[in-house]
>>> print(open('input-v3.txt').read())   # compact mmCIF, C-alpha atoms
# COMPACT_ATOMS: atom_id res chain seq x y z
CA MET A 1 -84.27 111.48 -7.45
CA ARG A 2 -80.68 110.59 -6.53
CA ALA A 3 -77.87 112.88 -7.64
CA VAL A 4 -74.29 113.76 -6.79
CA VAL A 5 -74.41 117.29 -5.38
CA THR A 6 -71.25 119.38 -5.09
CA ARG A 7 -71.00 122.28 -2.68
CA ARG A 8 -68.12 123.97 -0.93
CA GLY A 9 -66.40 121.20 0.94
CA GLY A 10 -67.20 118.11 -1.07
CA LEU A 11 -69.60 115.83 -2.93
CA ASP A 12 -72.66 114.07 -1.53
CA VAL A 13 -74.93 111.45 -3.06
CA THR A 14 -78.35 112.63 -1.97
CA GLU A 15 -81.98 113.12 -2.92
CA VAL A 16 -82.91 116.22 -4.92
CA GLU A 17 -86.04 117.40 -6.70
CA ALA A 18 -86.43 115.91 -10.19
CA PRO A 19 -86.36 118.48 -13.02
CA THR A 20 -89.42 119.34 -15.09
CA PRO A 21 -88.94 119.89 -18.84
CA GLY A 22 -89.87 123.38 -19.98
CA SER A 23 -90.65 124.74 -23.43
CA GLY A 24 -88.51 123.02 -26.06
CA HIS A 25 -87.02 120.61 -23.53
CA VAL A 26 -86.98 116.84 -23.20
CA LEU A 27 -86.59 114.84 -20.02
CA VAL A 28 -83.85 112.22 -20.28
CA LYS A 29 -82.31 109.47 -18.17
CA PRO A 30 -78.49 109.68 -18.13
CA LEU A 31 -76.96 106.32 -19.06
CA ALA A 32 -73.25 107.13 -18.82
CA CYS A 33 -71.41 110.28 -17.79
CA GLY A 34 -67.72 111.12 -17.89
CA ILE A 35 -65.88 112.96 -15.14
CA CYS A 36 -64.11 115.99 -16.64
CA GLY A 37 -60.95 117.71 -15.44
CA SER A 38 -62.96 120.92 -15.09
CA ASP A 39 -65.28 119.08 -12.70
CA LEU A 40 -62.27 118.14 -10.60
CA HIS A 41 -61.03 121.74 -10.51
CA ALA A 42 -64.47 123.03 -9.58
CA ALA A 43 -64.96 120.42 -6.85
CA GLN A 44 -61.58 121.23 -5.31
CA ASP A 45 -62.27 124.98 -5.09
CA MET A 46 -65.74 125.99 -6.19
CA GLY A 47 -65.26 129.59 -5.09
CA HIS A 48 -62.18 130.02 -7.27
CA PHE A 49 -63.92 128.31 -10.19
CA VAL A 50 -66.83 130.76 -9.95
CA GLU A 51 -64.45 133.72 -9.62
CA LEU A 52 -62.61 132.73 -12.81
CA ASN A 53 -65.90 132.47 -14.71
CA GLU A 54 -66.97 135.89 -13.49
CA ARG A 55 -63.66 137.42 -14.57
CA VAL A 56 -64.02 135.92 -18.04
CA GLY A 57 -67.48 137.43 -18.43
CA VAL A 58 -69.97 134.93 -17.02
CA PRO A 59 -71.18 136.81 -13.90
CA GLY A 60 -73.62 135.16 -11.55
CA SER A 61 -73.43 131.87 -13.42
CA LEU A 62 -73.10 129.71 -10.31
CA ASP A 63 -73.60 130.10 -6.58
CA PRO A 64 -71.01 127.88 -4.89
CA ASP A 65 -73.12 127.59 -1.74
CA ARG A 66 -76.33 126.37 -3.39
CA GLY A 67 -74.89 123.19 -4.85
CA VAL A 68 -74.48 121.94 -8.38
CA VAL A 69 -74.90 118.57 -10.08
CA PHE A 70 -71.98 118.06 -12.46
CA GLY A 71 -72.09 116.05 -15.66
CA HIS A 72 -71.67 117.49 -19.16
CA GLU A 73 -70.11 114.45 -20.90
CA PHE A 74 -72.98 112.04 -21.37
CA CYS A 75 -75.12 109.64 -23.30
CA ALA A 76 -78.77 109.63 -22.22
CA GLU A 77 -82.16 108.15 -23.09
CA ILE A 78 -85.31 110.17 -23.80
CA VAL A 79 -88.09 109.46 -21.28
CA GLU A 80 -90.53 112.35 -21.85
CA HIS A 81 -91.10 115.27 -24.23
CA GLY A 82 -91.82 118.68 -22.78
CA PRO A 83 -94.15 121.34 -24.18
CA ASP A 84 -93.50 122.91 -27.60
CA THR A 85 -91.39 119.99 -28.83
CA THR A 86 -91.57 118.26 -32.19
CA LYS A 87 -91.09 114.76 -30.73
CA ALA A 88 -88.93 113.96 -33.76
CA LEU A 89 -86.96 111.49 -31.65
CA PRO A 90 -89.21 109.04 -29.81
CA VAL A 91 -89.07 108.05 -26.16
CA GLY A 92 -86.34 105.45 -25.68
CA THR A 93 -83.92 107.02 -28.17
CA ARG A 94 -80.32 107.25 -26.97
CA VAL A 95 -78.97 110.76 -27.48
CA CYS A 96 -75.95 112.99 -27.02
CA SER A 97 -76.10 116.76 -26.88
CA VAL A 98 -74.03 119.90 -26.60
CA PRO A 99 -74.54 120.65 -22.87
CA THR A 100 -76.44 123.90 -23.30
CA LEU A 101 -80.01 124.72 -22.33
CA LEU A 102 -82.25 127.69 -23.23
CA THR A 103 -84.37 128.65 -20.21
CA PRO A 104 -86.67 131.53 -19.21
CA THR A 105 -83.74 133.04 -17.28
CA GLY A 106 -81.25 132.71 -20.14
CA VAL A 107 -78.68 130.19 -21.33
CA GLN A 108 -77.65 127.56 -18.78
CA ALA A 109 -74.57 125.35 -18.96
CA ILE A 110 -75.65 121.80 -18.18
CA GLY A 111 -73.44 120.47 -15.42
CA TYR A 112 -72.57 123.96 -14.18
CA SER A 113 -75.95 125.26 -13.13
CA ASN A 114 -77.64 125.59 -9.76
CA ASP A 115 -81.06 125.15 -11.34
CA TYR A 116 -80.63 122.37 -13.91
CA PRO A 117 -78.81 119.16 -12.98
CA GLY A 118 -76.13 117.57 -15.08
CA ALA A 119 -75.79 113.88 -15.85
CA LEU A 120 -74.57 112.84 -12.39
CA SER A 121 -78.25 112.42 -11.57
CA GLU A 122 -81.09 110.05 -12.38
CA LEU A 123 -82.88 112.59 -14.60
CA MET A 124 -81.97 115.76 -16.47
CA VAL A 125 -83.45 118.02 -19.15
CA LEU A 126 -81.93 118.74 -22.56
CA GLN A 127 -82.74 121.09 -25.43
CA GLU A 128 -84.63 119.16 -28.10
CA MET A 129 -83.13 121.13 -31.00
CA LEU A 130 -79.60 120.14 -29.90
CA LEU A 131 -80.20 116.39 -29.58
CA LEU A 132 -78.21 113.98 -31.72
CA PRO A 133 -79.37 110.36 -31.89
CA VAL A 134 -76.68 107.83 -31.08
CA PRO A 135 -76.16 105.61 -34.14
CA ASP A 136 -77.04 101.94 -33.85
CA GLY A 137 -73.98 99.87 -33.08
CA LEU A 138 -72.22 102.60 -31.10
CA SER A 139 -71.95 101.63 -27.44
CA THR A 140 -73.31 103.90 -24.73
CA GLU A 141 -69.85 104.17 -23.15
CA VAL A 142 -68.16 105.33 -26.35
CA ALA A 143 -71.03 107.66 -27.23
CA ALA A 144 -70.49 109.39 -23.86
CA LEU A 145 -66.98 110.28 -25.06
CA THR A 146 -68.35 112.58 -27.77
CA GLU A 147 -68.09 115.72 -25.65
CA PRO A 148 -64.47 115.36 -24.44
CA LEU A 149 -63.26 114.13 -27.82
CA ALA A 150 -64.91 117.11 -29.54
CA VAL A 151 -62.48 119.29 -27.57
CA GLY A 152 -59.65 117.72 -29.58
CA GLU A 153 -61.54 118.30 -32.82
CA HIS A 154 -61.76 122.00 -32.01
CA ALA A 155 -58.13 122.29 -30.91
CA VAL A 156 -56.95 120.82 -34.22
CA ALA A 157 -59.23 123.21 -36.13
CA ILE A 158 -57.79 126.14 -34.15
CA ALA A 159 -54.25 125.01 -35.03
CA GLY A 160 -54.78 125.85 -38.72
CA LEU A 161 -52.64 122.99 -40.02
CA GLU A 162 -51.60 123.09 -43.67
CA GLY A 163 -50.09 119.60 -43.99
CA ASN A 164 -46.36 120.23 -43.62
CA GLU A 165 -46.22 120.08 -39.83
CA VAL A 166 -44.70 117.82 -37.23
CA CYS A 167 -47.17 117.67 -34.34
CA LEU A 168 -46.22 117.16 -30.71
CA VAL A 169 -48.94 116.46 -28.13
CA VAL A 170 -47.75 117.03 -24.56
CA GLY A 171 -49.99 115.12 -22.17
CA CYS A 172 -51.95 111.98 -23.10
CA GLY A 173 -54.91 112.21 -20.79
CA PRO A 174 -58.37 112.38 -22.39
CA VAL A 175 -57.74 115.84 -23.87
CA GLY A 176 -54.40 114.92 -25.41
CA LEU A 177 -55.81 111.67 -26.76
CA ALA A 178 -58.70 113.64 -28.27
CA VAL A 179 -56.16 115.83 -30.07
CA ILE A 180 -54.24 112.80 -31.34
CA GLY A 181 -57.44 111.21 -32.61
CA ALA A 182 -58.50 114.38 -34.42
CA LEU A 183 -55.05 114.84 -35.96
CA LYS A 184 -54.93 111.31 -37.32
CA ALA A 185 -58.52 111.43 -38.54
CA ARG A 186 -57.54 114.43 -40.67
CA GLY A 187 -54.42 112.73 -41.97
CA HIS A 188 -51.86 114.90 -40.16
CA GLY A 189 -48.50 113.67 -38.98
CA PRO A 190 -46.09 112.64 -37.85
CA VAL A 191 -47.68 112.92 -34.41
CA ILE A 192 -45.38 112.64 -31.40
CA ALA A 193 -47.03 112.03 -28.01
CA ALA A 194 -45.36 112.65 -24.65
CA ASP A 195 -46.54 111.47 -21.23
CA PHE A 196 -44.96 110.09 -18.07
CA SER A 197 -47.57 107.34 -17.75
CA PRO A 198 -46.87 104.04 -19.58
CA ARG A 199 -50.59 103.30 -19.82
CA ARG A 200 -51.34 106.69 -21.31
CA ARG A 201 -48.48 106.33 -23.79
CA HIS A 202 -50.04 103.01 -24.82
CA LEU A 203 -53.41 104.74 -25.27
CA ALA A 204 -51.67 107.33 -27.43
CA GLU A 205 -50.40 104.55 -29.67
CA LEU A 206 -53.92 103.12 -29.93
CA PHE A 207 -55.21 106.56 -30.93
CA GLY A 208 -52.64 106.62 -33.73
CA ALA A 209 -49.57 108.47 -32.44
CA ASP A 210 -46.59 107.77 -34.69
CA GLU A 211 -44.10 107.98 -31.83
CA VAL A 212 -44.42 108.10 -28.04
CA VAL A 213 -41.92 109.63 -25.65
CA ASP A 214 -41.40 109.25 -21.92
CA PRO A 215 -40.30 112.74 -20.76
CA ALA A 216 -38.64 111.16 -17.73
CA VAL A 217 -36.18 109.51 -20.11
CA THR A 218 -35.96 111.84 -23.12
CA SER A 219 -37.20 115.35 -23.72
CA PRO A 220 -39.73 115.39 -26.60
CA HIS A 221 -37.90 118.47 -27.89
CA THR A 222 -34.72 116.60 -28.84
CA ARG A 223 -36.24 115.15 -32.02
CA TRP A 224 -36.96 118.31 -34.03
CA ALA A 225 -33.92 118.19 -36.31
CA ASP A 226 -34.37 114.46 -36.97
CA LEU A 227 -37.95 115.17 -38.07
CA GLY A 228 -36.96 117.90 -40.48
CA VAL A 229 -37.76 120.90 -38.25
CA PRO A 230 -34.96 123.49 -37.84
CA ALA A 231 -34.11 123.30 -34.15
CA SER A 232 -32.55 126.75 -33.61
CA PRO A 233 -33.20 130.29 -34.89
CA LEU A 234 -29.92 130.18 -36.86
CA ASP A 235 -30.83 126.88 -38.51
CA ARG A 236 -34.25 128.25 -39.41
CA ALA A 237 -32.79 131.47 -40.85
CA ALA A 238 -30.29 129.51 -42.94
CA GLN A 239 -32.99 127.22 -44.33
CA GLU A 240 -35.17 130.20 -45.23
CA MET A 241 -32.31 132.16 -46.84
CA PHE A 242 -30.90 129.32 -48.90
CA GLY A 243 -34.18 127.74 -49.92
CA GLY A 244 -33.94 124.51 -47.95
CA SER A 245 -36.87 122.20 -47.39
CA PHE A 246 -38.13 121.96 -43.85
CA ALA A 247 -41.19 121.21 -41.76
CA ASN A 248 -42.95 123.37 -39.20
CA ALA A 249 -43.78 122.41 -35.63
CA VAL A 250 -47.18 122.55 -33.94
CA ILE A 251 -47.25 121.71 -30.24
CA PHE A 252 -50.43 120.99 -28.28
CA GLU A 253 -50.27 121.64 -24.53
CA ALA A 254 -52.82 119.18 -23.09
CA VAL A 255 -51.80 119.05 -19.43
CA GLY A 256 -53.08 122.27 -17.87
CA SER A 257 -50.64 122.40 -14.95
CA PRO A 258 -48.39 125.30 -13.96
CA GLY A 259 -44.94 125.17 -15.55
CA VAL A 260 -45.89 123.05 -18.55
CA LEU A 261 -46.47 125.95 -20.92
CA HIS A 262 -43.13 127.50 -19.99
CA SER A 263 -41.32 124.20 -20.58
CA ILE A 264 -42.89 124.02 -24.05
CA ILE A 265 -41.92 127.60 -24.87
CA ASP A 266 -38.39 126.83 -23.68
CA GLY A 267 -38.05 123.67 -25.80
CA ALA A 268 -40.04 124.64 -28.90
CA PRO A 269 -38.21 125.16 -32.20
CA PRO A 270 -38.34 128.58 -33.89
CA LYS A 271 -41.65 129.73 -35.35
CA ALA A 272 -43.51 126.87 -33.74
CA ARG A 273 -47.23 127.25 -33.17
CA ILE A 274 -48.33 126.31 -29.64
CA VAL A 275 -51.99 125.44 -29.10
CA VAL A 276 -52.99 125.49 -25.43
CA VAL A 277 -55.93 123.17 -24.81
CA GLY A 278 -55.15 122.02 -21.26
CA VAL A 279 -57.05 124.23 -18.80
CA CYS A 280 -54.75 125.62 -16.12
CA MET A 281 -56.80 127.37 -13.42
CA GLN A 282 -53.84 128.72 -11.49
CA GLU A 283 -51.43 131.54 -12.09
CA ASP A 284 -48.48 130.52 -14.23
CA ARG A 285 -45.17 131.98 -15.32
CA ILE A 286 -43.39 132.17 -18.67
CA GLU A 287 -40.22 133.92 -19.87
CA PRO A 288 -41.22 135.93 -22.96
CA PHE A 289 -37.58 136.15 -24.14
CA PHE A 290 -37.78 132.66 -25.60
CA GLY A 291 -41.03 133.38 -27.41
CA VAL A 292 -39.69 136.62 -28.85
CA VAL A 293 -36.35 135.30 -30.08
CA LYS A 294 -37.95 132.19 -31.57
CA GLU A 295 -41.01 134.10 -32.87
CA LEU A 296 -43.39 131.57 -31.37
CA GLU A 297 -47.14 131.75 -31.83
CA LEU A 298 -49.60 131.01 -29.05
CA ARG A 299 -53.20 129.99 -29.66
CA PHE A 300 -55.75 128.95 -27.06
CA ALA A 301 -58.58 126.49 -27.68
CA PHE A 302 -61.72 125.99 -25.60
CA ALA A 303 -64.68 123.64 -26.06
CA TYR A 304 -66.06 123.16 -29.61
CA SER A 305 -68.78 124.20 -32.04
CA ALA A 306 -72.04 122.30 -32.55
CA GLY A 307 -70.68 121.14 -35.91
CA GLU A 308 -67.49 119.80 -34.35
CA PHE A 309 -69.55 117.99 -31.72
CA ALA A 310 -71.66 116.32 -34.41
CA ALA A 311 -68.57 115.47 -36.47
CA THR A 312 -67.01 113.77 -33.44
CA LEU A 313 -70.09 111.60 -32.85
CA ASP A 314 -69.96 110.64 -36.52
CA ARG A 315 -66.25 109.73 -36.26
CA LEU A 316 -66.99 107.56 -33.25
CA ALA A 317 -69.80 105.80 -35.08
CA LYS A 318 -67.46 105.02 -37.97
CA GLY A 319 -64.82 103.68 -35.58
CA MET A 320 -62.25 106.05 -34.07
CA PRO A 321 -59.11 104.04 -33.25
CA GLY A 322 -58.46 103.84 -29.52
CA ALA A 323 -61.80 105.23 -28.37
CA ASP A 324 -63.04 101.93 -26.97
CA ALA A 325 -59.90 101.70 -24.79
CA LEU A 326 -60.16 105.22 -23.34
CA VAL A 327 -62.60 104.26 -20.58
CA THR A 328 -60.42 102.71 -17.88
CA ASP A 329 -62.77 102.88 -14.89
CA VAL A 330 -66.54 102.59 -14.43
CA VAL A 331 -68.44 103.35 -11.21
CA ASP A 332 -72.07 103.64 -10.22
CA LEU A 333 -73.60 106.88 -8.95
CA GLY A 334 -72.72 106.05 -5.36
CA GLY A 335 -69.08 105.52 -6.33
CA THR A 336 -68.70 109.00 -7.80
CA PRO A 337 -67.15 110.75 -4.76
CA GLY A 338 -64.49 108.03 -4.55
CA ALA A 339 -63.76 108.38 -8.26
CA PHE A 340 -63.22 112.13 -7.78
CA ASP A 341 -60.76 111.35 -4.97
CA ARG A 342 -58.79 108.94 -7.15
CA LEU A 343 -58.71 111.37 -10.07
CA ALA A 344 -57.00 113.97 -7.91
CA ASN A 345 -53.90 111.86 -8.68
CA PRO A 346 -54.93 110.14 -11.91
CA GLY A 347 -51.74 108.17 -12.55
CA ASP A 348 -52.53 105.73 -15.35
CA MET A 349 -56.27 106.40 -15.42
CA GLY A 350 -57.96 107.33 -18.67
CA LYS A 351 -61.59 108.38 -18.71
CA VAL A 352 -63.75 107.49 -15.72
CA LEU A 353 -67.43 106.91 -16.50
CA VAL A 354 -70.36 106.91 -14.14
CA ARG A 355 -72.88 104.30 -15.28
CA HIS A 356 -76.27 104.33 -13.60
CA ASP A 357 -76.53 100.56 -14.00
CA ALA A 358 -72.95 99.84 -12.94
CA GLU A 359 -72.59 97.47 -9.99
CA VAL A 360 -68.84 97.39 -9.42
CA VAL A 361 -65.75 99.42 -10.15
CA LYS A 362 -63.94 97.92 -13.15
>>> encode(input="input-v3.txt", output="structure tokens")
Amino acid sequence: MRAVVTRRGGLDVTEVEAPTPGSGHVLVKPLACGICGSDLHAAQDMGHFVELNERVGVPGSLDPDRGVVFGHEFCAEIVEHGPDTTKALPVGTRVCSVPTLLTPTGVQAIGYSNDYPGALSELMVLQEMLLLPVPDGLSTEVAALTEPLAVGEHAVAIAGLEGNEVCLVVGCGPVGLAVIGALKARGHGPVIAADFSPRRRHLAELFGADEVVDPAVTSPHTRWADLGVPASPLDRAAQEMFGGSFANAVIFEAVGSPGVLHSIIDGAPPKARIVVVGVCMQEDRIEPFFGVVKELELRFAFAYSAGEFAATLDRLAKGMPGADALVTDVVDLGGTPGAFDRLANPGDMGKVLVRHDAEVVK
């Protein structure tokens, strides 16, 4: 079968052996697959990506020299049931799934495994017990957004919002938009969105942001007092001592580039909660003085639970504002290496999907 194989040095569209479903597995045909920021990081420096995973406690998870088929954001179609399956979902059913597989050698991460291909291939295997049928009426393209949008669902859950917060989302790529969508679906706000890209600011509005800011023109941190958030430690202390009414700030870092977290810590109001959901894979630098004096709180969010994944698919089926506009580019399997090159400098791009029946780049 054809697949996009990544090794040290680049991506190749080539022929590989088709997978065979094992116990509890189903064989599926990927229909649409998103390209994730983590895929870009891994493709740029597979050795460093593997080293980081080993340091975090996932030793031996990936051999950068053997090759890997990315693809963990997908909608697929069942083509065959493996042994020891219930066959509850018939062949031809469109499905999404948490990208995790139970195998004789242990748990494998679909899209980050040397032995089991991800969705940038013509066939892949999934765990039957994790399959979720795609509701009728939900397009394949939007269903494939379930995985990245579930990241926002988890980040908002991690934030522990109580309802009296002003929320700032820094970065309106797919992760930031996922956060905005999850915030608005839960009724939180006001939600301020900041991004340099006009197109991404427009997407933030479609996802429900109450206000968008171009950081090249105005710092998003100049609005705290206007929104009822004490902007300095002295203002906060006075409000607390004299019983004033005020809001709290929650800031989501959804960029994942060096320097962004420090800029947020520098500009955040006192006692703000900062939720880091952008994945920075390089060393970074902060000045703890600002966090100490302002008594800031840092939380880090990664991935999602199975329940949050299912809840996101349900939200999409019911109509999540903006989701249908998130896909800005579609390529076929052969166009994947070029899409990776363009995403190295994404500019105004939203989510790029690989469609196995796509004929042209849109």
>>> closest_residue(input="input-v3.txt", among="A:Pro198, A:Gly34, A:Gly57, A:Gly334", to="Leu11 in chain A", atoms="all atoms listed in the file")
A:Gly334
>>> closest_atom_pairs(input="input-v3.txt", of="range 71-165 of chain A", to="range 239-256 of chain A", cutoff="9 Å", atoms="only C-alpha atoms", output="CSV")
residue,atom,partner,partner_atom,distance
A:Ala155,CA,A:Phe252,CA,8.2
A:Val156,CA,A:Phe252,CA,8.8
A:Ala159,CA,A:Val250,CA,7.6
A:Leu161,CA,A:Val250,CA,8.2
A:Asn164,CA,A:Ala247,CA,5.6
A:Glu165,CA,A:Asn248,CA,4.7
>>> atom_distance(input="input-v3.txt", atom1="CA of Pro346 in chain A", atom2="CA of Ala43 in chain A")
15.2 Å
>>> closest_residue(input="input-v3.txt", among="A:Val69, A:Ala143, A:Leu130, A:Cys36", to="Ala18 in chain A", atoms="only C-alpha atoms")
A:Val69
>>> closest_residue(input="input-v3.txt", among="A:Leu40, A:Ala310, A:Ala178, A:Val56", to="Ser97 in chain A", atoms="only C-alpha atoms")
A:Ala310
>>> closest_residue(input="input-v3.txt", among="A:Arg66, A:Arg8, A:His25, A:Arg94", to="Met46 in chain A", atoms="only C-alpha atoms")
A:Arg8
>>> atom_distance(input="input-v3.txt", atom1="CA of Val50 in chain A", atom2="CA of Val4 in chain A")
18.8 Å
>>> atom_distance(input="input-v3.txt", atom1="CA of Pro117 in chain A", atom2="CA of Val142 in chain A")
22.0 Å
>>> residues_around(input="input-v3.txt", residues="Gln282 in chain A", least_positions_apart="3", cutoff="12 Å", atoms="all atoms listed in the file", output="list in words")
His41, Asp45, His48, Phe49, Glu51, Leu52, Gly256, Ser257, Pro258, Gly259, Gly278, Val279 and Arg285 of chain A
>>> residues_around(input="input-v3.txt", residues="Val5 in chain A", least_positions_apart="2", cutoff="8 Å", atoms="only C-alpha atoms", output="PyMOL selection string")
chain A and resi 3+7+11-14+67-70
>>> closest_residue(input="input-v3.txt", among="A:Gly47, A:Pro148, A:Pro83, A:Gly228", to="Leu353 in chain A", atoms="only C-alpha atoms")
A:Pro148
